[in-house]
$ cat model.cif   # mmCIF, C-alpha atoms; chains and numbers go by the auth columns
data_coords
loop_
_atom_site.group_PDB
_atom_site.id
_atom_site.type_symbol
_atom_site.label_atom_id
_atom_site.label_comp_id
_atom_site.label_asym_id
_atom_site.label_seq_id
_atom_site.Cartn_x
_atom_site.Cartn_y
_atom_site.Cartn_z
_atom_site.B_iso_or_equiv
_atom_site.auth_seq_id
_atom_site.auth_asym_id
ATOM 1 C CA MET A 1 22.430 -66.492 -24.554 0.00 5 A
ATOM 2 C CA VAL A 2 20.385 -69.649 -24.876 0.00 6 A
ATOM 3 C CA THR A 3 21.712 -72.900 -23.412 0.00 7 A
ATOM 4 C CA ILE A 4 20.975 -75.972 -25.490 0.00 8 A
ATOM 5 C CA PRO A 5 20.530 -79.348 -23.799 0.00 9 A
ATOM 6 C CA PRO A 6 23.157 -81.843 -25.058 0.00 10 A
ATOM 7 C CA ASP A 7 20.577 -84.145 -26.657 0.00 11 A
ATOM 8 C CA TYR A 8 18.465 -81.353 -28.219 0.00 12 A
ATOM 9 C CA ARG A 9 17.196 -81.724 -31.790 0.00 13 A
ATOM 10 C CA PRO A 10 14.744 -79.239 -33.340 0.00 14 A
ATOM 11 C CA LYS A 11 11.234 -80.680 -33.604 0.00 15 A
ATOM 12 C CA GLU A 12 8.379 -79.932 -35.977 0.00 16 A
ATOM 13 C CA ASP A 13 5.950 -79.348 -33.084 0.00 17 A
ATOM 14 C CA GLU A 14 7.991 -76.385 -31.762 0.00 18 A
ATOM 15 C CA GLU A 15 7.557 -72.815 -32.897 0.00 19 A
ATOM 16 C CA PHE A 16 9.636 -72.521 -36.085 0.00 20 A
ATOM 17 C CA MET A 17 12.986 -70.782 -35.538 0.00 21 A
ATOM 18 C CA ASN A 18 12.450 -70.180 -31.850 0.00 22 A
ATOM 19 C CA ALA A 19 15.465 -69.115 -29.761 0.00 23 A
ATOM 20 C CA LEU A 20 16.493 -72.714 -29.051 0.00 24 A
ATOM 21 C CA GLN A 21 16.399 -73.699 -32.731 0.00 25 A
ATOM 22 C CA LEU A 22 18.318 -70.593 -33.775 0.00 26 A
ATOM 23 C CA GLU A 23 21.027 -71.276 -31.205 0.00 27 A
ATOM 24 C CA TYR A 24 21.155 -74.938 -32.255 0.00 28 A
ATOM 25 C CA PHE A 25 21.778 -73.973 -35.893 0.00 29 A
ATOM 26 C CA ARG A 26 24.218 -71.216 -34.901 0.00 30 A
ATOM 27 C CA GLN A 27 26.335 -73.725 -32.978 0.00 31 A
ATOM 28 C CA LYS A 28 26.067 -76.276 -35.791 0.00 32 A
ATOM 29 C CA LEU A 29 27.253 -73.687 -38.332 0.00 33 A
ATOM 30 C CA LEU A 30 30.065 -72.474 -36.075 0.00 34 A
ATOM 31 C CA ARG A 31 31.326 -76.050 -35.538 0.00 35 A
ATOM 32 C CA TRP A 32 31.225 -76.692 -39.280 0.00 36 A
ATOM 33 C CA ARG A 33 33.095 -73.431 -39.964 0.00 37 A
ATOM 34 C CA HIS A 34 35.712 -74.261 -37.334 0.00 38 A
ATOM 35 C CA GLU A 35 36.284 -77.707 -38.863 0.00 39 A
ATOM 36 C CA LEU A 36 36.689 -76.262 -42.366 0.00 40 A
ATOM 37 C CA LEU A 37 39.180 -73.670 -41.105 0.00 41 A
ATOM 38 C CA ARG A 38 41.133 -76.354 -39.236 0.00 42 A
ATOM 39 C CA GLU A 39 41.342 -78.463 -42.406 0.00 43 A
ATOM 40 C CA ALA A 40 42.434 -75.411 -44.412 0.00 44 A
ATOM 41 C CA GLY A 41 45.208 -74.788 -41.895 0.00 45 A
ATOM 42 C CA GLU A 42 46.383 -78.374 -42.238 0.00 46 A
ATOM 43 C CA THR A 43 46.426 -77.991 -46.032 0.00 47 A
ATOM 44 C CA LEU A 44 48.423 -74.788 -45.777 0.00 48 A
ATOM 45 C CA ASN A 45 50.948 -76.461 -43.482 0.00 49 A
ATOM 46 C CA SER A 46 51.194 -79.424 -45.837 0.00 50 A
ATOM 47 C CA LEU A 47 51.682 -77.278 -48.933 0.00 51 A
ATOM 48 C CA SER A 48 54.235 -75.008 -47.275 0.00 52 A
ATOM 49 C CA ALA A 49 56.202 -77.963 -45.881 0.00 53 A
ATOM 50 C CA GLY A 50 58.342 -78.114 -48.971 0.00 54 A
ATOM 51 C CA GLY A 51 58.543 -78.650 -52.655 0.00 55 A
ATOM 52 C CA ILE A 52 58.145 -81.814 -54.621 0.00 56 A
ATOM 53 C CA THR A 53 61.201 -83.978 -54.066 0.00 57 A
ATOM 54 C CA GLU A 54 60.176 -87.089 -55.981 0.00 58 A
ATOM 55 C CA ALA A 55 62.710 -87.924 -58.676 0.00 59 A
ATOM 56 C CA ASP A 56 60.436 -90.248 -60.606 0.00 60 A
ATOM 57 C CA LEU A 57 58.218 -88.372 -63.079 0.00 61 A
ATOM 58 C CA THR A 58 55.214 -90.567 -62.334 0.00 62 A
ATOM 59 C CA ASP A 59 55.537 -89.972 -58.587 0.00 63 A
ATOM 60 C CA ARG A 60 56.000 -86.262 -59.175 0.00 64 A
ATOM 61 C CA ALA A 61 52.897 -86.129 -61.382 0.00 65 A
ATOM 62 C CA SER A 62 50.924 -88.005 -58.734 0.00 66 A
ATOM 63 C CA VAL A 63 51.992 -85.540 -56.027 0.00 67 A
ATOM 64 C CA GLU A 64 51.129 -82.582 -58.277 0.00 68 A
ATOM 65 C CA THR A 65 47.698 -84.074 -59.010 0.00 69 A
ATOM 66 C CA ASP A 66 47.075 -84.623 -55.296 0.00 70 A
ATOM 67 C CA ARG A 67 48.036 -81.022 -54.527 0.00 71 A
ATOM 68 C CA ALA A 68 45.812 -79.666 -57.289 0.00 72 A
ATOM 69 C CA LEU A 69 42.893 -81.720 -55.963 0.00 73 A
ATOM 70 C CA GLU A 70 43.551 -80.491 -52.431 0.00 74 A
ATOM 71 C CA LEU A 71 43.602 -76.875 -53.641 0.00 75 A
ATOM 72 C CA ARG A 72 40.283 -77.340 -55.454 0.00 76 A
ATOM 73 C CA THR A 73 38.835 -78.884 -52.306 0.00 77 A
ATOM 74 C CA ARG A 74 40.063 -75.925 -50.238 0.00 78 A
ATOM 75 C CA ASP A 75 38.544 -73.503 -52.754 0.00 79 A
ATOM 76 C CA ARG A 76 35.180 -75.234 -52.354 0.00 80 A
ATOM 77 C CA ALA A 77 35.635 -75.054 -48.575 0.00 81 A
ATOM 78 C CA ARG A 78 36.392 -71.323 -48.830 0.00 82 A
ATOM 79 C CA LYS A 79 33.137 -70.795 -50.726 0.00 83 A
ATOM 80 C CA LEU A 80 31.284 -72.909 -48.158 0.00 84 A
ATOM 81 C CA ILE A 81 32.735 -70.818 -45.303 0.00 85 A
ATOM 82 C CA ASN A 82 31.319 -67.755 -47.048 0.00 86 A
ATOM 83 C CA LYS A 83 27.887 -69.429 -47.189 0.00 87 A
ATOM 84 C CA ILE A 84 28.193 -70.339 -43.508 0.00 88 A
ATOM 85 C CA ASP A 85 29.008 -66.713 -42.662 0.00 89 A
ATOM 86 C CA GLN A 86 25.952 -65.592 -44.640 0.00 90 A
ATOM 87 C CA ALA A 87 23.793 -68.120 -42.763 0.00 91 A
ATOM 88 C CA LEU A 88 25.129 -66.797 -39.444 0.00 92 A
ATOM 89 C CA ASP A 89 24.227 -63.275 -40.592 0.00 93 A
ATOM 90 C CA ARG A 90 20.706 -64.492 -41.401 0.00 94 A
ATOM 91 C CA ILE A 91 20.438 -65.922 -37.874 0.00 95 A
ATOM 92 C CA ASP A 92 21.451 -62.523 -36.502 0.00 96 A
ATOM 93 C CA ASN A 93 18.980 -60.589 -38.659 0.00 97 A
ATOM 94 C CA GLY A 94 16.078 -63.016 -38.120 0.00 98 A
ATOM 95 C CA SER A 95 15.724 -64.315 -41.685 0.00 99 A
ATOM 96 C CA TYR A 96 17.412 -67.707 -41.141 0.00 100 A
ATOM 97 C CA GLY A 97 15.278 -70.715 -41.982 0.00 101 A
ATOM 98 C CA TYR A 98 12.999 -68.881 -44.395 0.00 102 A
ATOM 99 C CA CYS A 99 13.088 -69.278 -48.168 0.00 103 A
ATOM 100 C CA GLU A 100 14.627 -66.255 -49.880 0.00 104 A
ATOM 101 C CA GLU A 101 12.257 -66.728 -52.812 0.00 105 A
ATOM 102 C CA THR A 102 8.913 -67.380 -51.127 0.00 106 A
ATOM 103 C CA GLY A 103 9.421 -66.313 -47.505 0.00 107 A
ATOM 104 C CA GLU A 104 8.033 -69.684 -46.377 0.00 108 A
ATOM 105 C CA PRO A 105 9.844 -71.837 -43.791 0.00 109 A
ATOM 106 C CA ILE A 106 12.550 -73.973 -45.383 0.00 110 A
ATOM 107 C CA GLY A 107 11.895 -76.909 -43.066 0.00 111 A
ATOM 108 C CA LEU A 108 13.877 -78.423 -40.235 0.00 112 A
ATOM 109 C CA ARG A 109 14.834 -81.628 -42.051 0.00 113 A
ATOM 110 C CA ARG A 110 16.317 -79.631 -44.947 0.00 114 A
ATOM 111 C CA LEU A 111 18.169 -77.313 -42.569 0.00 115 A
ATOM 112 C CA GLU A 112 19.539 -80.297 -40.655 0.00 116 A
ATOM 113 C CA ALA A 113 20.873 -81.743 -43.907 0.00 117 A
ATOM 114 C CA ARG A 114 22.003 -78.411 -45.405 0.00 118 A
ATOM 115 C CA PRO A 115 22.206 -75.674 -42.742 0.00 119 A
ATOM 116 C CA VAL A 116 23.267 -73.084 -45.348 0.00 120 A
ATOM 117 C CA ALA A 117 20.117 -73.632 -47.454 0.00 121 A
ATOM 118 C CA ILE A 118 18.441 -70.450 -48.647 0.00 122 A
ATOM 119 C CA LEU A 119 15.596 -72.016 -50.616 0.00 123 A
ATOM 120 C CA SER A 120 12.823 -74.414 -49.650 0.00 124 A
ATOM 121 C CA ILE A 121 12.870 -77.777 -51.401 0.00 125 A
ATOM 122 C CA GLU A 122 10.075 -76.659 -53.734 0.00 126 A
ATOM 123 C CA ALA A 123 11.847 -73.410 -54.646 0.00 127 A
ATOM 124 C CA GLN A 124 15.153 -75.263 -55.115 0.00 128 A
ATOM 125 C CA GLU A 125 13.486 -77.772 -57.437 0.00 129 A
ATOM 126 C CA ARG A 126 11.924 -74.920 -59.460 0.00 130 A
ATOM 127 C CA HIS A 127 15.308 -73.230 -59.644 0.00 131 A
ATOM 128 C CA GLU A 128 16.993 -76.427 -60.851 0.00 132 A
ATOM 129 C CA ARG A 129 14.254 -77.040 -63.462 0.00 133 A
ATOM 130 C CA MET A 130 14.754 -73.513 -64.795 0.00 134 A
ATOM 131 C CA GLU A 131 18.522 -74.078 -64.962 0.00 135 A
ATOM 132 C CA ARG A 132 17.983 -77.274 -66.972 0.00 136 A
ATOM 133 C CA VAL A 133 15.591 -75.534 -69.356 0.00 137 A
ATOM 134 C CA HIS A 134 17.978 -72.643 -69.950 0.00 138 A
ATOM 135 C CA ARG A 135 20.992 -74.931 -70.179 0.00 139 A
ATOM 136 C CA ASP A 136 19.264 -76.985 -72.888 0.00 140 A
ATOM 137 C CA ASP A 137 18.610 -73.845 -74.990 0.00 141 A
#
$ encode --input "model.cif" --output "structure tokens"
Amino acid sequence: MVTIPPDYRPKEDEEFMNALQLEYFRQKLLRWRHELLREAGETLNSLSAGGITEADLTDRASVETDRALELRTRDRARKLINKIDQALDRIDNGSYGYCEETGEPIGLRRLEARPVAILSIEAQERHERMERVHRDD
């Protein structure tokens, strides 16, 4: 197990995806996953706390809208947890940090911003251009 100094940040002048960087991203992903699961637990507690007791129809509609929004948010979080798990698997199998399309390094700045990224910026832009072209058809 690699111990990361508290102030460590991956740097461009290091070997890409060395043991320290991999452990840094593993811990970052695990913290993110833990936070999402904690929030999901809070949502579950909130939703199971009881039914809608507001007598006023407007208040009731507002509560229903809030619950629906919270459920959509939790669904997005569930999908994100799945992406985090996939990223953790990529760390374990040695493919983390490399573009699934080109095999090139994704880049530390992109991984810092989006640790579940599977495409380099260039490949992501190509992918989005293709989506726009096909969507316009």
$ closest_atom_pairs --input "model.cif" --of "range 23-76 of chain A" --to "range 110-133 of chain A" --cutoff "9 Å" --atoms "only C-alpha atoms" --output "tab-separated table"
residue	atom	partner	partner_atom	distance
A:Phe29	CA	A:Pro119	CA	7.1
A:Lys32	CA	A:Pro119	CA	8.0
A:Leu33	CA	A:Pro119	CA	7.0
$ atom_distance --input "model.cif" --atom1 "CA of Arg76 in chain A" --atom2 "CA of Leu48 in chain A"
12.9 Å
$ atom_distance --input "model.cif" --atom1 "CA of Tyr102 in chain A" --atom2 "CA of Glu19 in chain A"
13.3 Å
$ closest_residue --input "model.cif" --among "A:Leu84, A:Leu61, A:Asp70, A:Leu26" --to "Glu39 in chain A" --atoms "all atoms listed in the file"
A:Leu84
$ resolve_selection --input "model.cif" --expression "the PyMOL selection byres ((chain A and resi 92) around 12)" --output "JSON, numbers by chain"
{"A": [26, 27, 28, 29, 30, 31, 32, 33, 34, 35, 36, 37, 85, 86, 87, 88, 89, 90, 91, 93, 94, 95, 96, 97, 98, 99, 100, 101, 119, 120, 121, 122]}
$ closest_residue --input "model.cif" --among "A:Thr106, A:Ser66, A:Pro10, A:Arg42" --to "Arg78 in chain A" --atoms "only C-alpha atoms"
A:Arg42
$ atom_distance --input "model.cif" --atom1 "CA of Glu135 in chain A" --atom2 "CA of Leu40 in chain A"
29.1 Å
$ axis_aligned_box --input "model.cif" --around "range 91-103 of chain A" --padding-each-side "4 Å" --output "lines of an AutoDock Vina configuration file"
center_x = 19.1
center_y = -65.7
center_z = -42.3
size_x = 20.1
size_y = 18.1
size_z = 19.7
$ closest_residue --input "model.cif" --among "A:Val67, A:Arg136, A:Lys83, A:Glu108" --to "Leu41 in chain A" --atoms "all atoms listed in the file"
A:Lys83
$ residues_around --input "model.cif" --residues "Phe20 in chain A" --least-positions-apart "3" --cutoff "8 Å" --atoms "only C-alpha atoms" --output "ChimeraX atom specification"
/A:16,25,109
$ write_last_selection --input "model.cif" --atoms "C-alpha atoms" --output "compact mmCIF listing (two decimals), keeping the file's coordinate frame"
# COMPACT_ATOMS: atom_id res chain seq x y z
CA GLU A 16 8.38 -79.93 -35.98
CA GLN A 25 16.40 -73.70 -32.73
CA PRO A 109 9.84 -71.84 -43.79
$ closest_residue --input "model.cif" --among "A:Thr7, A:Cys103, A:Thr47, A:Pro14" --to "Asp79 in chain A" --atoms "all atoms listed in the file"
A:Thr47
$ decode --input "model.cif" --residues "range 21-35 of chain A" --atoms "N, CA and C atoms" --output "mmCIF file, in the first residue's frame"
data_model
loop_
_atom_site.group_PDB
_atom_site.id
_atom_site.type_symbol
_atom_site.label_atom_id
_atom_site.label_comp_id
_atom_site.auth_asym_id
_atom_site.auth_seq_id
_atom_site.Cartn_x
_atom_site.Cartn_y
_atom_site.Cartn_z
ATOM 1 N N MET A 21 0.731 7.928 -14.177
ATOM 2 C CA MET A 21 0.048 6.842 -13.469
ATOM 3 C C MET A 21 1.021 5.951 -12.709
ATOM 4 N N ASN A 22 1.962 6.607 -12.029
ATOM 5 C CA ASN A 22 2.846 5.873 -11.128
ATOM 6 C C ASN A 22 2.032 5.444 -9.901
ATOM 7 N N ALA A 23 2.631 4.703 -8.999
ATOM 8 C CA ALA A 23 1.911 4.161 -7.844
ATOM 9 C C ALA A 23 1.292 5.264 -6.983
ATOM 10 N N LEU A 24 1.993 6.365 -6.820
ATOM 11 C CA LEU A 24 1.488 7.473 -6.010
ATOM 12 C C LEU A 24 0.252 8.107 -6.662
ATOM 13 N N GLN A 25 0.315 8.335 -7.967
ATOM 14 C CA GLN A 25 -0.833 8.903 -8.673
ATOM 15 C C GLN A 25 -2.027 7.954 -8.637
ATOM 16 N N LEU A 26 -1.796 6.688 -8.849
ATOM 17 C CA LEU A 26 -2.893 5.716 -8.815
ATOM 18 C C LEU A 26 -3.568 5.693 -7.446
ATOM 19 N N GLU A 27 -2.756 5.709 -6.389
ATOM 20 C CA GLU A 27 -3.329 5.706 -5.044
ATOM 21 C C GLU A 27 -4.059 7.014 -4.767
ATOM 22 N N TYR A 28 -3.534 8.128 -5.248
ATOM 23 C CA TYR A 28 -4.197 9.417 -5.095
ATOM 24 C C TYR A 28 -5.602 9.369 -5.718
ATOM 25 N N PHE A 29 -5.688 8.882 -6.951
ATOM 26 C CA PHE A 29 -6.990 8.828 -7.627
ATOM 27 C C PHE A 29 -7.896 7.772 -6.998
ATOM 28 N N ARG A 30 -7.330 6.670 -6.527
ATOM 29 C CA ARG A 30 -8.148 5.665 -5.840
ATOM 30 C C ARG A 30 -8.817 6.292 -4.612
ATOM 31 N N GLN A 31 -8.040 6.987 -3.803
ATOM 32 C CA GLN A 31 -8.595 7.609 -2.601
ATOM 33 C C GLN A 31 -9.617 8.691 -2.955
ATOM 34 N N LYS A 32 -9.338 9.455 -3.986
ATOM 35 C CA LYS A 32 -10.265 10.497 -4.434
ATOM 36 C C LYS A 32 -11.596 9.870 -4.857
ATOM 37 N N LEU A 33 -11.532 8.799 -5.621
ATOM 38 C CA LEU A 33 -12.741 8.101 -6.076
ATOM 39 C C LEU A 33 -13.493 7.478 -4.902
ATOM 40 N N LEU A 34 -12.754 6.868 -3.979
ATOM 41 C CA LEU A 34 -13.409 6.250 -2.820
ATOM 42 C C LEU A 34 -14.101 7.291 -1.945
ATOM 43 N N ARG A 35 -13.485 8.457 -1.749
ATOM 44 C CA ARG A 35 -14.121 9.529 -0.974
ATOM 45 C C ARG A 35 -15.394 10.014 -1.659
#
